[in-house]
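Just model-v6.csv here, CSV, N, CA and C atoms:
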chain,number,residue,atom,x,y,z
Z,237,MET,N,-98.6,69.0,-77.1
Z,237,MET,CA,-98.5,67.5,-77.0
Z,237,MET,C,-97.5,67.0,-78.1
Z,238,ASN,N,-96.4,66.4,-77.7
Z,238,ASN,CA,-95.4,65.9,-78.6
Z,238,ASN,C,-95.9,64.6,-79.3
Z,239,LYS,N,-95.3,64.3,-80.4
Z,239,LYS,CA,-95.8,63.1,-81.2
Z,239,LYS,C,-95.5,61.8,-80.4
Z,240,ARG,N,-94.5,61.8,-79.5
Z,240,ARG,CA,-94.2,60.6,-78.8
Z,240,ARG,C,-95.3,60.4,-77.7
Z,241,ASN,N,-96.1,61.4,-77.4
Z,241,ASN,CA,-97.1,61.3,-76.4
Z,241,ASN,C,-98.5,61.0,-77.0
Z,242,ARG,N,-98.5,60.6,-78.2
Z,242,ARG,CA,-99.8,60.3,-78.9
Z,242,ARG,C,-99.9,58.8,-79.3
Z,243,ILE,N,-101.0,58.3,-79.2
Z,243,ILE,CA,-101.3,56.9,-79.6
Z,243,ILE,C,-101.9,57.0,-81.0
Z,244,LYS,N,-101.2,56.4,-82.0
Z,244,LYS,CA,-101.6,56.5,-83.4
Z,244,LYS,C,-102.0,55.2,-84.0
Z,245,LYS,N,-101.4,54.1,-83.6
Z,245,LYS,CA,-101.6,52.8,-84.3
Z,245,LYS,C,-102.8,52.1,-83.8
Z,246,ASN,N,-103.5,51.4,-84.7
Z,246,ASN,CA,-104.7,50.7,-84.3
Z,246,ASN,C,-104.5,49.7,-83.3
Z,247,ASP,N,-103.4,48.9,-83.4
Z,247,ASP,CA,-103.1,47.9,-82.4
Z,247,ASP,C,-102.9,48.4,-81.0
Z,248,GLU,N,-102.3,49.7,-80.9
Z,248,GLU,CA,-102.2,50.3,-79.6
Z,248,GLU,C,-103.5,50.7,-79.0
Z,249,PHE,N,-104.4,51.2,-79.9
Z,249,PHE,CA,-105.8,51.6,-79.5
Z,249,PHE,C,-106.5,50.3,-79.0
Z,250,GLN,N,-106.4,49.2,-79.7
Z,250,GLN,CA,-107.0,48.0,-79.4
Z,250,GLN,C,-106.5,47.4,-78.0
Z,251,ALA,N,-105.3,47.5,-77.8
Z,251,ALA,CA,-104.7,47.1,-76.5
Z,251,ALA,C,-105.3,47.8,-75.3
Z,252,VAL,N,-105.5,49.1,-75.5
Z,252,VAL,CA,-106.1,50.0,-74.4
Z,252,VAL,C,-107.5,49.6,-74.2
Z,253,PHE,N,-108.3,49.4,-75.4
Z,253,PHE,CA,-109.7,49.0,-75.3
Z,253,PHE,C,-109.8,47.6,-74.6
Z,254,LYS,N,-109.0,46.7,-74.9
Z,254,LYS,CA,-109.2,45.3,-74.4
Z,254,LYS,C,-108.7,45.1,-73.0
Z,255,ARG,N,-107.5,45.7,-72.6
Z,255,ARG,CA,-107.0,45.5,-71.3
Z,255,ARG,C,-107.2,46.7,-70.3
Z,256,GLY,N,-107.6,47.8,-70.8
Z,256,GLY,CA,-107.8,49.0,-70.0
Z,256,GLY,C,-109.1,49.0,-69.3
Z,257,VAL,N,-109.3,50.0,-68.4
Z,257,VAL,CA,-110.5,50.3,-67.7
Z,257,VAL,C,-111.1,51.5,-68.3
Z,258,SER,N,-112.5,51.6,-68.3
Z,258,SER,CA,-113.1,52.7,-68.8
Z,258,SER,C,-114.0,53.4,-67.8
Z,259,VAL,N,-114.1,54.8,-68.0
Z,259,VAL,CA,-115.1,55.6,-67.2
Z,259,VAL,C,-115.7,56.6,-68.2
Z,260,ALA,N,-116.9,57.0,-67.9
Z,260,ALA,CA,-117.6,57.9,-68.8
Z,260,ALA,C,-118.4,58.9,-68.1
Z,261,ASN,N,-118.7,60.0,-68.8
Z,261,ASN,CA,-119.8,60.9,-68.4
Z,261,ASN,C,-120.5,61.2,-69.7
Z,262,ARG,N,-121.4,62.2,-69.7
Z,262,ARG,CA,-122.2,62.4,-70.9
Z,262,ARG,C,-121.4,62.9,-72.2
Z,263,GLN,N,-120.3,63.5,-71.9
Z,263,GLN,CA,-119.5,64.0,-73.1
Z,263,GLN,C,-118.3,63.2,-73.5
Z,264,PHE,N,-117.7,62.4,-72.6
Z,264,PHE,CA,-116.5,61.7,-72.9
Z,264,PHE,C,-116.5,60.3,-72.3
Z,265,VAL,N,-115.8,59.4,-73.0
Z,265,VAL,CA,-115.5,58.1,-72.5
Z,265,VAL,C,-114.0,58.0,-72.5
Z,266,ILE,N,-113.4,57.6,-71.4
Z,266,ILE,CA,-111.9,57.5,-71.3
Z,266,ILE,C,-111.6,56.1,-70.9
Z,267,TYR,N,-110.7,55.5,-71.7
Z,267,TYR,CA,-110.1,54.2,-71.4
Z,267,TYR,C,-108.7,54.5,-70.9
Z,268,MET,N,-108.3,53.8,-69.9
Z,268,MET,CA,-107.0,53.9,-69.3
Z,268,MET,C,-106.3,52.6,-69.1
Z,269,LEU,N,-105.0,52.5,-69.6
Z,269,LEU,CA,-104.2,51.3,-69.5
Z,269,LEU,C,-102.9,51.7,-68.8
Z,270,GLU,N,-102.7,51.1,-67.6
Z,270,GLU,CA,-101.4,51.4,-66.9
Z,270,GLU,C,-100.3,50.6,-67.6
Z,271,LYS,N,-99.2,51.3,-67.8
Z,271,LYS,CA,-98.0,50.7,-68.4
Z,271,LYS,C,-96.8,51.1,-67.5
Z,272,PRO,N,-96.4,50.2,-66.5
Z,272,PRO,CA,-95.3,50.5,-65.6
Z,272,PRO,C,-94.0,50.9,-66.2
Z,273,GLU,N,-93.7,50.3,-67.4
Z,273,GLU,CA,-92.4,50.5,-68.1
Z,273,GLU,C,-92.3,51.8,-68.8
Z,274,GLN,N,-93.5,52.5,-68.9
Z,274,GLN,CA,-93.6,53.8,-69.7
Z,274,GLN,C,-93.3,54.9,-68.8
Z,275,ILE,N,-92.6,55.9,-69.2
Z,275,ILE,CA,-92.2,57.1,-68.4
Z,275,ILE,C,-93.3,58.2,-68.5
Z,276,GLU,N,-93.7,58.5,-69.7
Z,276,GLU,CA,-94.7,59.6,-69.9
Z,276,GLU,C,-96.0,59.0,-70.3
Z,277,MET,N,-97.1,59.8,-70.1
Z,277,MET,CA,-98.4,59.4,-70.5
Z,277,MET,C,-98.5,59.6,-72.0
Z,278,ARG,N,-99.5,58.9,-72.6
Z,278,ARG,CA,-99.8,59.0,-74.0
Z,278,ARG,C,-101.3,59.1,-74.1
Z,279,ILE,N,-101.7,59.9,-75.1
Z,279,ILE,CA,-103.2,60.0,-75.4
Z,279,ILE,C,-103.5,59.7,-76.8
Z,280,GLY,N,-104.7,59.1,-76.9
Z,280,GLY,CA,-105.2,58.8,-78.3
Z,280,GLY,C,-106.6,59.4,-78.3
Z,281,LEU,N,-107.0,59.9,-79.4
Z,281,LEU,CA,-108.3,60.6,-79.5
Z,281,LEU,C,-109.1,59.9,-80.6
Z,282,SER,N,-110.4,59.8,-80.3
Z,282,SER,CA,-111.4,59.3,-81.3
Z,282,SER,C,-112.6,60.2,-81.3
Z,283,VAL,N,-112.8,60.8,-82.5
Z,283,VAL,CA,-114.0,61.7,-82.6
Z,283,VAL,C,-114.7,61.3,-83.9
Z,284,SER,N,-115.9,60.7,-83.8
Z,284,SER,CA,-116.6,60.1,-84.9
Z,284,SER,C,-117.1,61.2,-85.9
Z,285,LYS,N,-117.3,60.8,-87.1
Z,285,LYS,CA,-117.9,61.7,-88.1
Z,285,LYS,C,-119.3,62.0,-87.8
Z,286,LYS,N,-120.0,61.2,-86.9
Z,286,LYS,CA,-121.4,61.5,-86.5
Z,286,LYS,C,-121.4,62.8,-85.7
Z,287,ILE,N,-120.3,63.2,-85.1
Z,287,ILE,CA,-120.3,64.4,-84.2
Z,287,ILE,C,-120.4,65.7,-85.1
Z,288,GLY,N,-119.7,65.7,-86.2
Z,288,GLY,CA,-119.7,66.9,-87.1
Z,288,GLY,C,-118.7,66.8,-88.2
Z,289,LYS,N,-118.6,67.9,-88.9
Z,289,LYS,CA,-117.7,67.9,-90.0
Z,289,LYS,C,-116.2,68.1,-89.5
Z,290,ALA,N,-115.3,68.0,-90.4
Z,290,ALA,CA,-113.9,68.0,-90.0
Z,290,ALA,C,-113.5,69.2,-89.1
Z,291,VAL,N,-114.0,70.4,-89.4
Z,291,VAL,CA,-113.7,71.6,-88.6
Z,291,VAL,C,-114.1,71.4,-87.1
Z,292,VAL,N,-115.3,70.8,-86.9
Z,292,VAL,CA,-115.8,70.6,-85.5
Z,292,VAL,C,-115.0,69.5,-84.9
Z,293,ARG,N,-114.7,68.4,-85.6
Z,293,ARG,CA,-113.9,67.3,-85.0
Z,293,ARG,C,-112.5,67.8,-84.6
Z,294,ASN,N,-111.9,68.6,-85.5
Z,294,ASN,CA,-110.5,69.1,-85.2
Z,294,ASN,C,-110.5,70.0,-84.0
Z,295,GLN,N,-111.6,70.8,-83.9
Z,295,GLN,CA,-111.7,71.7,-82.7
Z,295,GLN,C,-111.8,71.0,-81.4
Z,296,ILE,N,-112.6,69.9,-81.4
Z,296,ILE,CA,-112.7,69.1,-80.3
Z,296,ILE,C,-111.4,68.5,-79.9
Z,297,LYS,N,-110.6,67.9,-80.9
Z,297,LYS,CA,-109.3,67.3,-80.6
Z,297,LYS,C,-108.3,68.3,-80.1
Z,298,ARG,N,-108.3,69.6,-80.6
Z,298,ARG,CA,-107.4,70.6,-80.1
Z,298,ARG,C,-107.8,70.9,-78.7
Z,299,ASN,N,-109.1,71.0,-78.4
Z,299,ASN,CA,-109.5,71.3,-77.0
Z,299,ASN,C,-109.0,70.2,-76.0
Z,300,VAL,N,-109.2,69.0,-76.4
Z,300,VAL,CA,-108.8,67.9,-75.6
Z,300,VAL,C,-107.3,67.9,-75.4
Z,301,ARG,N,-106.5,68.0,-76.5
Z,301,ARG,CA,-105.1,68.0,-76.3
Z,301,ARG,C,-104.6,69.2,-75.4
Z,302,GLN,N,-105.2,70.4,-75.6
Z,302,GLN,CA,-104.8,71.5,-74.8
Z,302,GLN,C,-105.1,71.2,-73.3
Z,303,THR,N,-106.2,70.6,-73.0
Z,303,THR,CA,-106.6,70.3,-71.6
Z,303,THR,C,-105.6,69.4,-71.0
Z,304,PHE,N,-105.2,68.3,-71.8
Z,304,PHE,CA,-104.3,67.3,-71.3
Z,304,PHE,C,-102.9,68.0,-71.1
Z,305,LEU,N,-102.5,68.9,-71.9
Z,305,LEU,CA,-101.3,69.7,-71.8
Z,305,LEU,C,-101.3,70.5,-70.5
Z,306,GLU,N,-102.4,71.1,-70.2
Z,306,GLU,CA,-102.5,71.9,-69.0
Z,306,GLU,C,-102.5,71.1,-67.7
Z,307,LEU,N,-103.1,69.9,-67.8
Z,307,LEU,CA,-103.2,69.0,-66.7
Z,307,LEU,C,-102.1,68.0,-66.5
Z,308,LYS,N,-101.1,68.1,-67.5
Z,308,LYS,CA,-100.0,67.0,-67.5
Z,308,LYS,C,-99.3,66.8,-66.2
Z,309,GLU,N,-99.0,67.9,-65.5
Z,309,GLU,CA,-98.3,67.8,-64.2
Z,309,GLU,C,-99.1,67.1,-63.1
Z,310,ASP,N,-100.4,67.1,-63.2
Z,310,ASP,CA,-101.3,66.6,-62.2
Z,310,ASP,C,-101.8,65.2,-62.5
Z,311,LEU,N,-101.5,64.7,-63.7
Z,311,LEU,CA,-102.0,63.4,-64.1
Z,311,LEU,C,-101.0,62.3,-63.9
Z,312,LYS,N,-101.4,61.0,-63.7
Z,312,LYS,CA,-100.5,59.9,-63.6
Z,312,LYS,C,-99.8,59.7,-64.9
Z,313,GLN,N,-98.5,59.5,-64.9
Z,313,GLN,CA,-97.7,59.6,-66.1
Z,313,GLN,C,-97.5,58.2,-66.8
Z,314,ASN,N,-97.6,57.1,-66.2
Z,314,ASN,CA,-97.3,55.8,-66.8
Z,314,ASN,C,-98.6,55.2,-67.4
Z,315,ILE,N,-99.5,56.0,-67.9
Z,315,ILE,CA,-100.8,55.5,-68.4
Z,315,ILE,C,-101.0,55.9,-69.9
Z,316,ASP,N,-101.6,55.0,-70.6
Z,316,ASP,CA,-102.2,55.4,-71.9
Z,316,ASP,C,-103.6,55.7,-71.8
Z,317,TYR,N,-104.0,56.9,-72.3
Z,317,TYR,CA,-105.4,57.4,-72.2
Z,317,TYR,C,-106.0,57.4,-73.6
Z,318,VAL,N,-107.1,56.8,-73.8
Z,318,VAL,CA,-107.8,56.9,-75.1
Z,318,VAL,C,-109.2,57.7,-74.8
Z,319,ILE,N,-109.4,58.8,-75.4
Z,319,ILE,CA,-110.5,59.6,-75.2
Z,319,ILE,C,-111.5,59.5,-76.4
Z,320,ILE,N,-112.7,59.2,-76.1
Z,320,ILE,CA,-113.7,59.1,-77.1
Z,320,ILE,C,-114.7,60.2,-76.8
Z,321,ALA,N,-114.9,61.1,-77.8
Z,321,ALA,CA,-115.8,62.2,-77.7
Z,321,ALA,C,-117.2,61.8,-78.1
Z,322,ARG,N,-118.2,62.3,-77.3
Z,322,ARG,CA,-119.6,62.0,-77.6
Z,322,ARG,C,-120.3,63.2,-78.2
Z,323,LYS,N,-121.5,63.0,-78.7
Z,323,LYS,CA,-122.2,64.1,-79.5
Z,323,LYS,C,-122.2,65.4,-78.8
Z,324,PRO,N,-122.5,65.5,-77.5
Z,324,PRO,CA,-122.6,66.9,-76.9
Z,324,PRO,C,-121.3,67.7,-76.9
Z,325,THR,N,-120.2,67.1,-77.2
Z,325,THR,CA,-119.0,67.9,-77.3
Z,325,THR,C,-118.9,68.9,-78.5
Z,326,ALA,N,-119.8,68.6,-79.5
Z,326,ALA,CA,-119.8,69.5,-80.6
Z,326,ALA,C,-120.1,70.9,-80.3
Z,327,GLU,N,-121.0,71.1,-79.3
Z,327,GLU,CA,-121.4,72.5,-78.9
Z,327,GLU,C,-120.6,73.1,-77.8
Z,328,MET,N,-119.6,72.4,-77.3
Z,328,MET,CA,-118.9,72.9,-76.1
Z,328,MET,C,-117.7,73.8,-76.5
Z,329,ASN,N,-117.4,74.8,-75.7
Z,329,ASN,CA,-116.2,75.6,-75.9
Z,329,ASN,C,-115.1,75.0,-75.1
Z,330,PHE,N,-113.9,75.6,-75.1
Z,330,PHE,CA,-112.7,75.1,-74.4
Z,330,PHE,C,-113.0,74.9,-72.9
Z,331,GLN,N,-113.5,75.9,-72.2
Z,331,GLN,CA,-113.7,75.8,-70.8
Z,331,GLN,C,-114.7,74.7,-70.4
Z,332,GLU,N,-115.7,74.5,-71.2
Z,332,GLU,CA,-116.7,73.4,-70.9
Z,332,GLU,C,-116.1,72.1,-71.1
Z,333,THR,N,-115.2,72.0,-72.2
Z,333,THR,CA,-114.5,70.7,-72.5
Z,333,THR,C,-113.6,70.4,-71.3
Z,334,LYS,N,-112.8,71.4,-70.9
Z,334,LYS,CA,-111.9,71.2,-69.8
Z,334,LYS,C,-112.6,70.7,-68.5
Z,335,LYS,N,-113.7,71.4,-68.2
Z,335,LYS,CA,-114.4,71.0,-67.0
Z,335,LYS,C,-115.0,69.6,-67.1
Z,336,SER,N,-115.5,69.2,-68.2
Z,336,SER,CA,-116.0,67.9,-68.4
Z,336,SER,C,-114.9,66.8,-68.3
Z,337,LEU,N,-113.7,67.1,-68.9
Z,337,LEU,CA,-112.6,66.2,-68.8
Z,337,LEU,C,-112.1,66.0,-67.4
Z,338,ILE,N,-112.0,67.1,-66.7
Z,338,ILE,CA,-111.6,67.0,-65.3
Z,338,ILE,C,-112.6,66.2,-64.5
Z,339,HIS,N,-113.8,66.4,-64.8
Z,339,HIS,CA,-114.9,65.6,-64.1
Z,339,HIS,C,-114.7,64.1,-64.3
Z,340,VAL,N,-114.5,63.7,-65.6
Z,340,VAL,CA,-114.4,62.3,-65.9
Z,340,VAL,C,-113.0,61.7,-65.4
Z,341,LEU,N,-112.0,62.5,-65.4
Z,341,LEU,CA,-110.7,62.1,-64.9
Z,341,LEU,C,-110.7,61.9,-63.4
Z,342,LYS,N,-111.5,62.7,-62.7
Z,342,LYS,CA,-111.7,62.6,-61.2
Z,342,LYS,C,-112.3,61.2,-60.9
Z,343,ILE,N,-113.4,60.9,-61.7
Z,343,ILE,CA,-114.1,59.6,-61.5
Z,343,ILE,C,-113.1,58.5,-61.7
Z,344,ALA,N,-112.2,58.6,-62.7
Z,344,ALA,CA,-111.2,57.6,-63.0
Z,344,ALA,C,-110.0,57.5,-62.0
Z,345,LYS,N,-110.0,58.5,-61.1
Z,345,LYS,CA,-108.9,58.6,-60.2
Z,345,LYS,C,-107.5,58.7,-60.9
Z,346,ALA,N,-107.5,59.5,-61.9
Z,346,ALA,CA,-106.3,59.7,-62.8
Z,346,ALA,C,-105.3,60.8,-62.3
Z,347,PHE,N,-105.8,61.5,-61.3
Z,347,PHE,CA,-104.9,62.6,-60.8
Z,347,PHE,C,-104.0,62.2,-59.6
Z,348,THR,N,-102.8,62.7,-59.6
Z,348,THR,CA,-101.9,62.4,-58.5
Z,348,THR,C,-102.1,63.2,-57.3
Z,349,LYS,N,-102.8,64.4,-57.4
Z,349,LYS,CA,-103.1,65.2,-56.3
Z,349,LYS,C,-104.5,65.8,-56.5
Z,350,LYS,N,-105.0,66.4,-55.4
Z,350,LYS,CA,-106.4,67.0,-55.5
Z,350,LYS,C,-106.4,68.2,-56.5
Z,351,ILE,N,-107.4,68.2,-57.3
Z,351,ILE,CA,-107.5,69.3,-58.3
Z,351,ILE,C,-108.9,69.9,-58.2
Z,352,SER,N,-109.0,71.2,-58.5
Z,352,SER,CA,-110.2,71.9,-58.4
Z,352,SER,C,-110.6,72.4,-59.8
Z,353,ILE,N,-111.9,72.5,-60.0
Z,353,ILE,CA,-112.4,72.8,-61.4
Z,353,ILE,C,-112.4,74.4,-61.5

Mind converting the file's structure to structure tokens?
Amino acid sequence: MNKRNRIKKNDEFQAVFKRGVSVANRQFVIYMLEKPEQIEMRIGLSVSKKIGKAVVRNQIKRNVRQTFLELKEDLKQNIDYVIIARKPTAEMNFQETKKSLIHVLKIAKAFTKKISI
């Protein structure tokens, strides 16, 4: 994931929270804000300290970034995604994280074509 594909600033996060739509499952909440003028998708990650220590939080963020990297071709590109990890993600490995994210992205209708888990 390139730096230009990440949401870092607080006001950008707040814009997605206020004007975007949200969908959730037990492991993740995803906020999505469509930006027609934007060419590529951007993602922002939020993993609370309640979930675990820095090592656990960083592992979750790496797993989420890798999943989005693998799914990049199948996702709508002119959207800002903000992903909030919930407590159960602390015990999940990469495959479980990917499966859960695909599930919540299907609910959000974020895919450009049919995808299988």

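Considering the residues Z:Ile320, Z:Asn299, Z:Lys285, Z:Arg242 and counting only C-alpha atoms, Tyr267 of chain Z has its shortest atom-to-atom contact with Z:Ile320.
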
Quick one: residues within 7 Å of Ile315 of chain Z, all atoms listed in the file, excluding same-chain residues fewer than 2 positions away - as an mmCIF file with N, CA and C atoms, keeping the file's coordinate frame?
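Result file is result_35.cif:
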data_model
loop_
_atom_site.group_PDB
_atom_site.id
_atom_site.type_symbol
_atom_site.label_atom_id
_atom_site.label_comp_id
_atom_site.auth_asym_id
_atom_site.auth_seq_id
_atom_site.Cartn_x
_atom_site.Cartn_y
_atom_site.Cartn_z
ATOM 1 N N MET Z 268 -108.300 53.800 -69.900
ATOM 2 C CA MET Z 268 -107.000 53.900 -69.300
ATOM 3 C C MET Z 268 -106.300 52.600 -69.100
ATOM 4 N N LEU Z 269 -105.000 52.500 -69.600
ATOM 5 C CA LEU Z 269 -104.200 51.300 -69.500
ATOM 6 C C LEU Z 269 -102.900 51.700 -68.800
ATOM 7 N N GLU Z 270 -102.700 51.100 -67.600
ATOM 8 C CA GLU Z 270 -101.400 51.400 -66.900
ATOM 9 C C GLU Z 270 -100.300 50.600 -67.600
ATOM 10 N N LYS Z 271 -99.200 51.300 -67.800
ATOM 11 C CA LYS Z 271 -98.000 50.700 -68.400
ATOM 12 C C LYS Z 271 -96.800 51.100 -67.500
ATOM 13 N N PRO Z 272 -96.400 50.200 -66.500
ATOM 14 C CA PRO Z 272 -95.300 50.500 -65.600
ATOM 15 C C PRO Z 272 -94.000 50.900 -66.200
ATOM 16 N N GLN Z 274 -93.500 52.500 -68.900
ATOM 17 C CA GLN Z 274 -93.600 53.800 -69.700
ATOM 18 C C GLN Z 274 -93.300 54.900 -68.800
ATOM 19 N N ILE Z 275 -92.600 55.900 -69.200
ATOM 20 C CA ILE Z 275 -92.200 57.100 -68.400
ATOM 21 C C ILE Z 275 -93.300 58.200 -68.500
ATOM 22 N N GLU Z 276 -93.700 58.500 -69.700
ATOM 23 C CA GLU Z 276 -94.700 59.600 -69.900
ATOM 24 C C GLU Z 276 -96.000 59.000 -70.300
ATOM 25 N N MET Z 277 -97.100 59.800 -70.100
ATOM 26 C CA MET Z 277 -98.400 59.400 -70.500
ATOM 27 C C MET Z 277 -98.500 59.600 -72.000
ATOM 28 N N ARG Z 278 -99.500 58.900 -72.600
ATOM 29 C CA ARG Z 278 -99.800 59.000 -74.000
ATOM 30 C C ARG Z 278 -101.300 59.100 -74.100
ATOM 31 N N ILE Z 279 -101.700 59.900 -75.100
ATOM 32 C CA ILE Z 279 -103.200 60.000 -75.400
ATOM 33 C C ILE Z 279 -103.500 59.700 -76.800
ATOM 34 N N LYS Z 312 -101.400 61.000 -63.700
ATOM 35 C CA LYS Z 312 -100.500 59.900 -63.600
ATOM 36 C C LYS Z 312 -99.800 59.700 -64.900
ATOM 37 N N GLN Z 313 -98.500 59.500 -64.900
ATOM 38 C CA GLN Z 313 -97.700 59.600 -66.100
ATOM 39 C C GLN Z 313 -97.500 58.200 -66.800
ATOM 40 N N TYR Z 317 -104.000 56.900 -72.300
ATOM 41 C CA TYR Z 317 -105.400 57.400 -72.200
ATOM 42 C C TYR Z 317 -106.000 57.400 -73.600
#

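The closest residue to Leu337 of chain Z, picked from Z:Leu281, Z:Asn238, Z:Gln263, Z:Lys254 and counting only N, CA and C atoms, is Z:Gln263.
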
Which of Z:Arg301, Z:Arg293, Z:Lys244, Z:Lys323 sits closest to Arg262 of chain Z [using all atoms listed in the file]: Z:Lys323

Per-residue nearest contacts segment 252-305 of chain Z to segment 326-333 of chain Z, cut-off 12 Å, using only C-alpha atoms, as JSON lines:
{"residue": "Z:Asn261", "atom": "CA", "partner": "Z:Thr333", "partner_atom": "CA", "distance": 11.9}
{"residue": "Z:Arg262", "atom": "CA", "partner": "Z:Thr333", "partner_atom": "CA", "distance": 11.4}
{"residue": "Z:Gln263", "atom": "CA", "partner": "Z:Thr333", "partner_atom": "CA", "distance": 8.4}
{"residue": "Z:Phe264", "atom": "CA", "partner": "Z:Thr333", "partner_atom": "CA", "distance": 9.2}
{"residue": "Z:Val283", "atom": "CA", "partner": "Z:Ala326", "partner_atom": "CA", "distance": 9.9}
{"residue": "Z:Ser284", "atom": "CA", "partner": "Z:Ala326", "partner_atom": "CA", "distance": 10.8}
{"residue": "Z:Lys285", "atom": "CA", "partner": "Z:Ala326", "partner_atom": "CA", "distance": 11.0}
{"residue": "Z:Lys286", "atom": "CA", "partner": "Z:Ala326", "partner_atom": "CA", "distance": 10.1}
{"residue": "Z:Ile287", "atom": "CA", "partner": "Z:Ala326", "partner_atom": "CA", "distance": 6.3}
{"residue": "Z:Gly288", "atom": "CA", "partner": "Z:Ala326", "partner_atom": "CA", "distance": 7.0}
{"residue": "Z:Lys289", "atom": "CA", "partner": "Z:Ala326", "partner_atom": "CA", "distance": 9.8}
{"residue": "Z:Ala290", "atom": "CA", "partner": "Z:Ala326", "partner_atom": "CA", "distance": 11.2}
{"residue": "Z:Val291", "atom": "CA", "partner": "Z:Ala326", "partner_atom": "CA", "distance": 10.3}
{"residue": "Z:Val292", "atom": "CA", "partner": "Z:Ala326", "partner_atom": "CA", "distance": 6.4}
{"residue": "Z:Arg293", "atom": "CA", "partner": "Z:Ala326", "partner_atom": "CA", "distance": 7.7}
{"residue": "Z:Asn294", "atom": "CA", "partner": "Z:Ala326", "partner_atom": "CA", "distance": 10.4}
{"residue": "Z:Gln295", "atom": "CA", "partner": "Z:Ala326", "partner_atom": "CA", "distance": 8.7}
{"residue": "Z:Ile296", "atom": "CA", "partner": "Z:Ala326", "partner_atom": "CA", "distance": 7.1}
{"residue": "Z:Lys297", "atom": "CA", "partner": "Z:Thr333", "partner_atom": "CA", "distance": 10.2}
{"residue": "Z:Arg298", "atom": "CA", "partner": "Z:Phe330", "partner_atom": "CA", "distance": 9.0}
{"residue": "Z:Asn299", "atom": "CA", "partner": "Z:Phe330", "partner_atom": "CA", "distance": 5.6}
{"residue": "Z:Val300", "atom": "CA", "partner": "Z:Thr333", "partner_atom": "CA", "distance": 7.1}
{"residue": "Z:Arg301", "atom": "CA", "partner": "Z:Thr333", "partner_atom": "CA", "distance": 10.5}
{"residue": "Z:Gln302", "atom": "CA", "partner": "Z:Phe330", "partner_atom": "CA", "distance": 8.7}
{"residue": "Z:Thr303", "atom": "CA", "partner": "Z:Thr333", "partner_atom": "CA", "distance": 8.0}
{"residue": "Z:Phe304", "atom": "CA", "partner": "Z:Thr333", "partner_atom": "CA", "distance": 10.8}

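Among the candidates Z:Arg255, Z:Gln250, Z:Glu273, Z:Asp310, the one nearest to Leu341 of chain Z when counting only C-alpha atoms is Z:Asp310.
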
Can you list every residue in chain Z that DSSP puts in alpha helix (DSSP H), as a PyMOL selection string? chain Z and resi 246-255+290-307+330-343

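In this comparison, which uses only C-alpha atoms, the residue of Z:Asn246, Z:Asn314, Z:Ser282, Z:Thr325 approaching Thr348 of chain Z most closely is Z:Asn314.
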
Run DSSP on the backbone and grab whatever in segment 272-350 of chain Z lands in strand (DSSP E); send it over as a compact mmCIF listing (two decimals) with N, CA and C atoms, in the coordinates of the input.
# COMPACT_ATOMS: atom_id res chain seq x y z
N ARG Z 278 -99.50 58.90 -72.60
CA ARG Z 278 -99.80 59.00 -74.00
C ARG Z 278 -101.30 59.10 -74.10
N ILE Z 279 -101.70 59.90 -75.10
CA ILE Z 279 -103.20 60.00 -75.40
C ILE Z 279 -103.50 59.70 -76.80
N GLY Z 280 -104.70 59.10 -76.90
CA GLY Z 280 -105.20 58.80 -78.30
C GLY Z 280 -106.60 59.40 -78.30
N LEU Z 281 -107.00 59.90 -79.40
CA LEU Z 281 -108.30 60.60 -79.50
C LEU Z 281 -109.10 59.90 -80.60
N SER Z 282 -110.40 59.80 -80.30
CA SER Z 282 -111.40 59.30 -81.30
C SER Z 282 -112.60 60.20 -81.30
N ILE Z 315 -99.50 56.00 -67.90
CA ILE Z 315 -100.80 55.50 -68.40
C ILE Z 315 -101.00 55.90 -69.90
N ASP Z 316 -101.60 55.00 -70.60
CA ASP Z 316 -102.20 55.40 -71.90
C ASP Z 316 -103.60 55.70 -71.80
N TYR Z 317 -104.00 56.90 -72.30
CA TYR Z 317 -105.40 57.40 -72.20
C TYR Z 317 -106.00 57.40 -73.60
N VAL Z 318 -107.10 56.80 -73.80
CA VAL Z 318 -107.80 56.90 -75.10
C VAL Z 318 -109.20 57.70 -74.80
N ILE Z 319 -109.40 58.80 -75.40
CA ILE Z 319 -110.50 59.60 -75.20
C ILE Z 319 -111.50 59.50 -76.40
N ILE Z 320 -112.70 59.20 -76.10
CA ILE Z 320 -113.70 59.10 -77.10
C ILE Z 320 -114.70 60.20 -76.80
N ALA Z 321 -114.90 61.10 -77.80
CA ALA Z 321 -115.80 62.20 -77.70
C ALA Z 321 -117.20 61.80 -78.10

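Taking atom N of Arg240 of chain Z as the reference point, atom N of Asp316 of chain Z is found at 13.3 Å.
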
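As for atom N of Val265 of chain Z and atom CA of Arg322 of chain Z, they are spaced 6.5 Å apart.
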
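Atom N of Ile243 of chain Z is found 10.9 Å from atom C of Ile319 of chain Z.
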
Excluding segment 342-345 of chain Z and its own-chain neighbours fewer than 3 positions away, which residues fall within 8 Å of it when counting only C-alpha atoms? Please give them as a VMD selection string. chain Z and resid 258 to 259 338 to 339

Emit the selected residues as a short mmCIF file (atom, residue, chain, number, x, y, z; two decimals), keeping the file's coordinate frame, including N, CA and C atoms.
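Done, and the output landed in again35.cif:
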data_model
loop_
_atom_site.label_atom_id
_atom_site.label_comp_id
_atom_site.auth_asym_id
_atom_site.auth_seq_id
_atom_site.Cartn_x
_atom_site.Cartn_y
_atom_site.Cartn_z
N SER Z 258 -112.50 51.60 -68.30
CA SER Z 258 -113.10 52.70 -68.80
C SER Z 258 -114.00 53.40 -67.80
N VAL Z 259 -114.10 54.80 -68.00
CA VAL Z 259 -115.10 55.60 -67.20
C VAL Z 259 -115.70 56.60 -68.20
N ILE Z 338 -112.00 67.10 -66.70
CA ILE Z 338 -111.60 67.00 -65.30
C ILE Z 338 -112.60 66.20 -64.50
N HIS Z 339 -113.80 66.40 -64.80
CA HIS Z 339 -114.90 65.60 -64.10
C HIS Z 339 -114.70 64.10 -64.30
#

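Here the question is which of Z:Ile266, Z:Ala321, Z:Lys245, Z:Glu306 gets nearest to Ala346 of chain Z using only C-alpha atoms, and that residue is Z:Ile266.
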